[in-house]
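K.L.:
Pasting a structure below so you can have a look.
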Amino acid sequence: MASEFLPFALPDIGDAEIDEVVDSLRSGWVTTGPKTKRFEGDFAAFLGGGVDAVAVNSATAGLHLALEAVGVREGDEVVTTPYTFTATAEVIRYLGAHPVFADIDPKTLNIDVTQLRSVLTPRTRAIIPVHFGGLACEMQSILEIARAHKLAVVEDAAHAFPATCGGRLIGTLDSDITVFSFYATKTITTGEGGMVVTRRPEIAERCRTMRLHGISRDVFDRYTSAAPSWHYEVIAPGYKYNLTDIAASIGIHQLKKAWSFQKKRGRLASRYDAAFSRLPLVLPAHPADDDVHAWHLYVIRLTPDSSIERNEFIEEMARRGIGCSVHFIPLHLHPYWRDTYGLEPGDFPRAFDAYQNAVSLPLYTRMTDSDQERVIEAVSTLLSR
Ligand SMILES: *Cc1c(COP(=O)(O)O)cnc(C)c1O
């Protein structure tokens, strides 16, 4: 009976990652260098479509660089969803600009395109769609709106590796920049890390410069090229956002498993779908046609028929040794966003309603069939009382 605690998420790190890290540690080169270059090259090749990839030490850093590179300035407005992690919006404030939230589509939990259109003003500069849980936003409509209003599009793809939209991988669409996260709980991890992806060479170059102090030449190049190693030029007050070779070593091997990880996550999601189909729950939306869902998250929503409310549900799961989470506490409920912009829960009623009923269940590649059975049995018991 007293089975082990089943955590909400776990990274899946193998011997190849460990050996590669040890190789870096022994090599004498531990910061950004050959492994990072290789990881960037491999990542760009994985996506295809002629994209360039710039490795950074977090997706938050990458989103900051992205908004800077597309020219977001003080006083500008950037439209995004309230149903996200605070990183999506805090980077807008880093630049002195303001987030403007548009409520979500209650089916997909992604930004609603009609709501998005309704909040545009002459000060809007950019849109940050977030592919919630790994399900692509309606990118065709979002890109059309952006084109019509001359807005930049920066995709927050922290959950969406790999995922597709209209048959194309997220990262290769016609937005300006896409940012992926390799945080510990994400679909592939480097501990901490992220990748900025773009097809625009001037944007890639700006991100490369700004990720390392605004220096026009990266450190690895300084020590390996024929030009004098001591010389460099600072062309802007940049940031310190480079990825280390230690982290990139993990990423190189995680990347090779990205499709097998995705398939495993997809299988786990299908099993949940089948097991819960008769329960009084709202199950996660699936992509249209044959598109790929990254299944970073599996979020169920309780309903008035569920006969248990969300907080009690999570407590009961914990009592059964199962870790659950909530994605997300909408930004407009957090003190900073609420008070800075005078927001009320009812300003984004769909995000508020989703939040009140949402439970993220464990879903990760290291889960066994019997781990998943435990979750299914607990959920079924709690909803059949
Ligand atoms: C995890 C996450 C981020 C931030 O990623 P880091 O790599 O931890 O900086 C940004 N946006 C969303 C939606 C996330 O879930």
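In the structure tokens, the first chain shown is A, the next is B, and so on; residue numbers restart at 1 for each chain, and ligands run from 1 in the order shown.
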With only C-alpha atoms and all ligand atoms counted and 10 Å as the cut-off, give the residues of chain A in contact with ligand 1, each with its shortest interatomic distance in Å and the pair that gives it, as a Markdown table.
P.N.:
```
| residue | atom | partner | partner_atom_place_in_ligand_line | distance |
| --- | --- | --- | --- | --- |
| A:Val56 | CA | ligand 1 | 7 (O) | 8.9 |
| A:Asn57 | CA | ligand 1 | 7 (O) | 7.3 |
| A:Ser58 | CA | ligand 1 | 7 (O) | 3.8 |
| A:Ala59 | CA | ligand 1 | 7 (O) | 3.7 |
| A:Thr60 | CA | ligand 1 | 9 (O) | 3.7 |
| A:Ala61 | CA | ligand 1 | 9 (O) | 6.4 |
| A:Gly62 | CA | ligand 1 | 9 (O) | 7.8 |
| A:Leu63 | CA | ligand 1 | 10 (C) | 7.9 |
| A:His64 | CA | ligand 1 | 9 (O) | 9.9 |
| A:Thr81 | CA | ligand 1 | 13 (C) | 9.8 |
| A:Tyr83 | CA | ligand 1 | 13 (C) | 8.5 |
| A:Thr84 | CA | ligand 1 | 13 (C) | 5.1 |
| A:Phe85 | CA | ligand 1 | 13 (C) | 4.9 |
| A:Thr86 | CA | ligand 1 | 11 (N) | 7.2 |
| A:Ala87 | CA | ligand 1 | 10 (C) | 5.0 |
| A:Thr88 | CA | ligand 1 | 11 (N) | 5.1 |
| A:Ala89 | CA | ligand 1 | 11 (N) | 8.7 |
| A:Glu90 | CA | ligand 1 | 10 (C) | 9.8 |
| A:Val91 | CA | ligand 1 | 10 (C) | 9.8 |
| A:Pro129 | CA | ligand 1 | 13 (C) | 9.4 |
| A:Val130 | CA | ligand 1 | 13 (C) | 6.1 |
| A:His131 | CA | ligand 1 | 13 (C) | 7.5 |
| A:Phe132 | CA | ligand 1 | 13 (C) | 6.8 |
| A:Gly133 | CA | ligand 1 | 15 (O) | 8.1 |
| A:Gly134 | CA | ligand 1 | 13 (C) | 9.5 |
| A:Glu155 | CA | ligand 1 | 11 (N) | 9.6 |
| A:Asp156 | CA | ligand 1 | 11 (N) | 5.9 |
| A:Ala157 | CA | ligand 1 | 13 (C) | 7.1 |
| A:Ala158 | CA | ligand 1 | 12 (C) | 4.9 |
| A:His159 | CA | ligand 1 | 15 (O) | 6.0 |
| A:Ala160 | CA | ligand 1 | 13 (C) | 9.3 |
| A:Val179 | CA | ligand 1 | 10 (C) | 8.5 |
| A:Phe180 | CA | ligand 1 | 7 (O) | 7.3 |
| A:Ser181 | CA | ligand 1 | 7 (O) | 4.1 |
| A:Phe182 | CA | ligand 1 | 7 (O) | 5.5 |
| A:Tyr183 | CA | ligand 1 | 7 (O) | 4.6 |
| A:Ala184 | CA | ligand 1 | 8 (O) | 8.0 |
| A:Thr185 | CA | ligand 1 | 1 (C) | 7.9 |
| A:Lys186 | CA | ligand 1 | 1 (C) | 7.0 |
| A:Thr189 | CA | ligand 1 | 7 (O) | 9.1 |
| A:Thr190 | CA | ligand 1 | 7 (O) | 9.4 |
| A:Gly191 | CA | ligand 1 | 7 (O) | 9.0 |
| A:Glu192 | CA | ligand 1 | 7 (O) | 6.0 |
| A:Gly193 | CA | ligand 1 | 7 (O) | 5.4 |
| A:Gly194 | CA | ligand 1 | 7 (O) | 5.4 |
| A:Met195 | CA | ligand 1 | 7 (O) | 8.8 |
| A:His296 | CA | ligand 1 | 15 (O) | 9.2 |
| A:Leu297 | CA | ligand 1 | 15 (O) | 9.8 |
| A:His327 | CA | ligand 1 | 15 (O) | 8.7 |
| A:Phe328 | CA | ligand 1 | 15 (O) | 9.0 |
```
K.L.:
Run DSSP on the backbone and tell me which residues of range 27-99 of chain A come out as strand (DSSP E or B); list them as a ChimeraX atom specification.
P.N.:
/A:52-56,77-80,98-99
K.L.:
Write out, as a PDB file, in the first residue's frame, the residues just selected, with N, CA, C and O atoms.
P.N.:
```
ATOM      1  N   ASP A  52      18.292  29.540 -37.904  1.00  0.00           N
ATOM      2  CA  ASP A  52      19.520  29.655 -37.118  1.00  0.00           C
ATOM      3  C   ASP A  52      19.111  29.500 -35.647  1.00  0.00           C
ATOM      4  O   ASP A  52      17.986  29.847 -35.276  1.00  0.00           O
ATOM      5  N   ALA A  53      19.995  28.966 -34.828  1.00  0.00           N
ATOM      6  CA  ALA A  53      19.682  28.719 -33.423  1.00  0.00           C
ATOM      7  C   ALA A  53      20.760  29.337 -32.540  1.00  0.00           C
ATOM      8  O   ALA A  53      21.945  29.140 -32.783  1.00  0.00           O
ATOM      9  N   VAL A  54      20.328  30.069 -31.526  1.00  0.00           N
ATOM     10  CA  VAL A  54      21.242  30.748 -30.601  1.00  0.00           C
ATOM     11  C   VAL A  54      20.945  30.226 -29.197  1.00  0.00           C
ATOM     12  O   VAL A  54      19.854  30.455 -28.657  1.00  0.00           O
ATOM     13  N   ALA A  55      21.911  29.544 -28.598  1.00  0.00           N
ATOM     14  CA  ALA A  55      21.689  28.937 -27.279  1.00  0.00           C
ATOM     15  C   ALA A  55      21.826  29.992 -26.178  1.00  0.00           C
ATOM     16  O   ALA A  55      22.723  30.836 -26.218  1.00  0.00           O
ATOM     17  N   VAL A  56      20.935  29.908 -25.211  1.00  0.00           N
ATOM     18  CA  VAL A  56      20.925  30.854 -24.082  1.00  0.00           C
ATOM     19  C   VAL A  56      20.720  30.082 -22.779  1.00  0.00           C
ATOM     20  O   VAL A  56      20.408  28.884 -22.808  1.00  0.00           O
ATOM     21  N   GLU A  77       3.388  48.416 -26.334  1.00  0.00           N
ATOM     22  CA  GLU A  77       2.510  47.372 -25.806  1.00  0.00           C
ATOM     23  C   GLU A  77       2.795  46.054 -26.525  1.00  0.00           C
ATOM     24  O   GLU A  77       3.028  46.041 -27.731  1.00  0.00           O
ATOM     25  N   VAL A  78       2.786  44.983 -25.746  1.00  0.00           N
ATOM     26  CA  VAL A  78       3.000  43.647 -26.305  1.00  0.00           C
ATOM     27  C   VAL A  78       1.834  42.774 -25.845  1.00  0.00           C
ATOM     28  O   VAL A  78       1.570  42.660 -24.640  1.00  0.00           O
ATOM     29  N   VAL A  79       1.139  42.196 -26.806  1.00  0.00           N
ATOM     30  CA  VAL A  79      -0.049  41.407 -26.479  1.00  0.00           C
ATOM     31  C   VAL A  79       0.341  39.955 -26.199  1.00  0.00           C
ATOM     32  O   VAL A  79       1.091  39.345 -26.961  1.00  0.00           O
ATOM     33  N   THR A  80      -0.174  39.438 -25.087  1.00  0.00           N
ATOM     34  CA  THR A  80       0.049  38.025 -24.772  1.00  0.00           C
ATOM     35  C   THR A  80      -1.125  37.494 -23.965  1.00  0.00           C
ATOM     36  O   THR A  80      -2.117  38.190 -23.733  1.00  0.00           O
ATOM     37  N   HIS A  98       4.772  47.374 -21.931  1.00  0.00           N
ATOM     38  CA  HIS A  98       3.647  46.897 -21.114  1.00  0.00           C
ATOM     39  C   HIS A  98       2.965  45.697 -21.755  1.00  0.00           C
ATOM     40  O   HIS A  98       2.651  45.739 -22.948  1.00  0.00           O
ATOM     41  N   PRO A  99       2.716  44.645 -20.950  1.00  0.00           N
ATOM     42  CA  PRO A  99       1.923  43.547 -21.490  1.00  0.00           C
ATOM     43  C   PRO A  99       0.457  43.953 -21.566  1.00  0.00           C
ATOM     44  O   PRO A  99      -0.034  44.656 -20.674  1.00  0.00           O
TER      45      PRO A  99
END
```
K.L.:
Of the candidates A:His293, A:Arg217, A:Lys37, A:Arg147, which shows the shortest atom-to-atom distance to Leu169 in chain A, using only C-alpha atoms?
P.N.:
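Of A:His293, A:Arg217, A:Lys37, A:Arg147, the one nearest Leu169 in chain A is A:His293, counting only C-alpha atoms.
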K.L.:
For Met367 in chain A, please output as a list in words all residues within 9 Å (counting only C-alpha atoms; exclusion window: fewer than 3 positions along the same chain).
P.N.:
Leu6, Leu10, Leu268, Pro362, Leu363, Tyr364, Ser370, Asp371 and Gln372 of chain A
K.L.:
List every residue of range 109-297 of chain A that DSSP, applied to the backbone of this structure, assigns to alpha helix (DSSP H), and report them as a count of residues only.
P.N.:
64
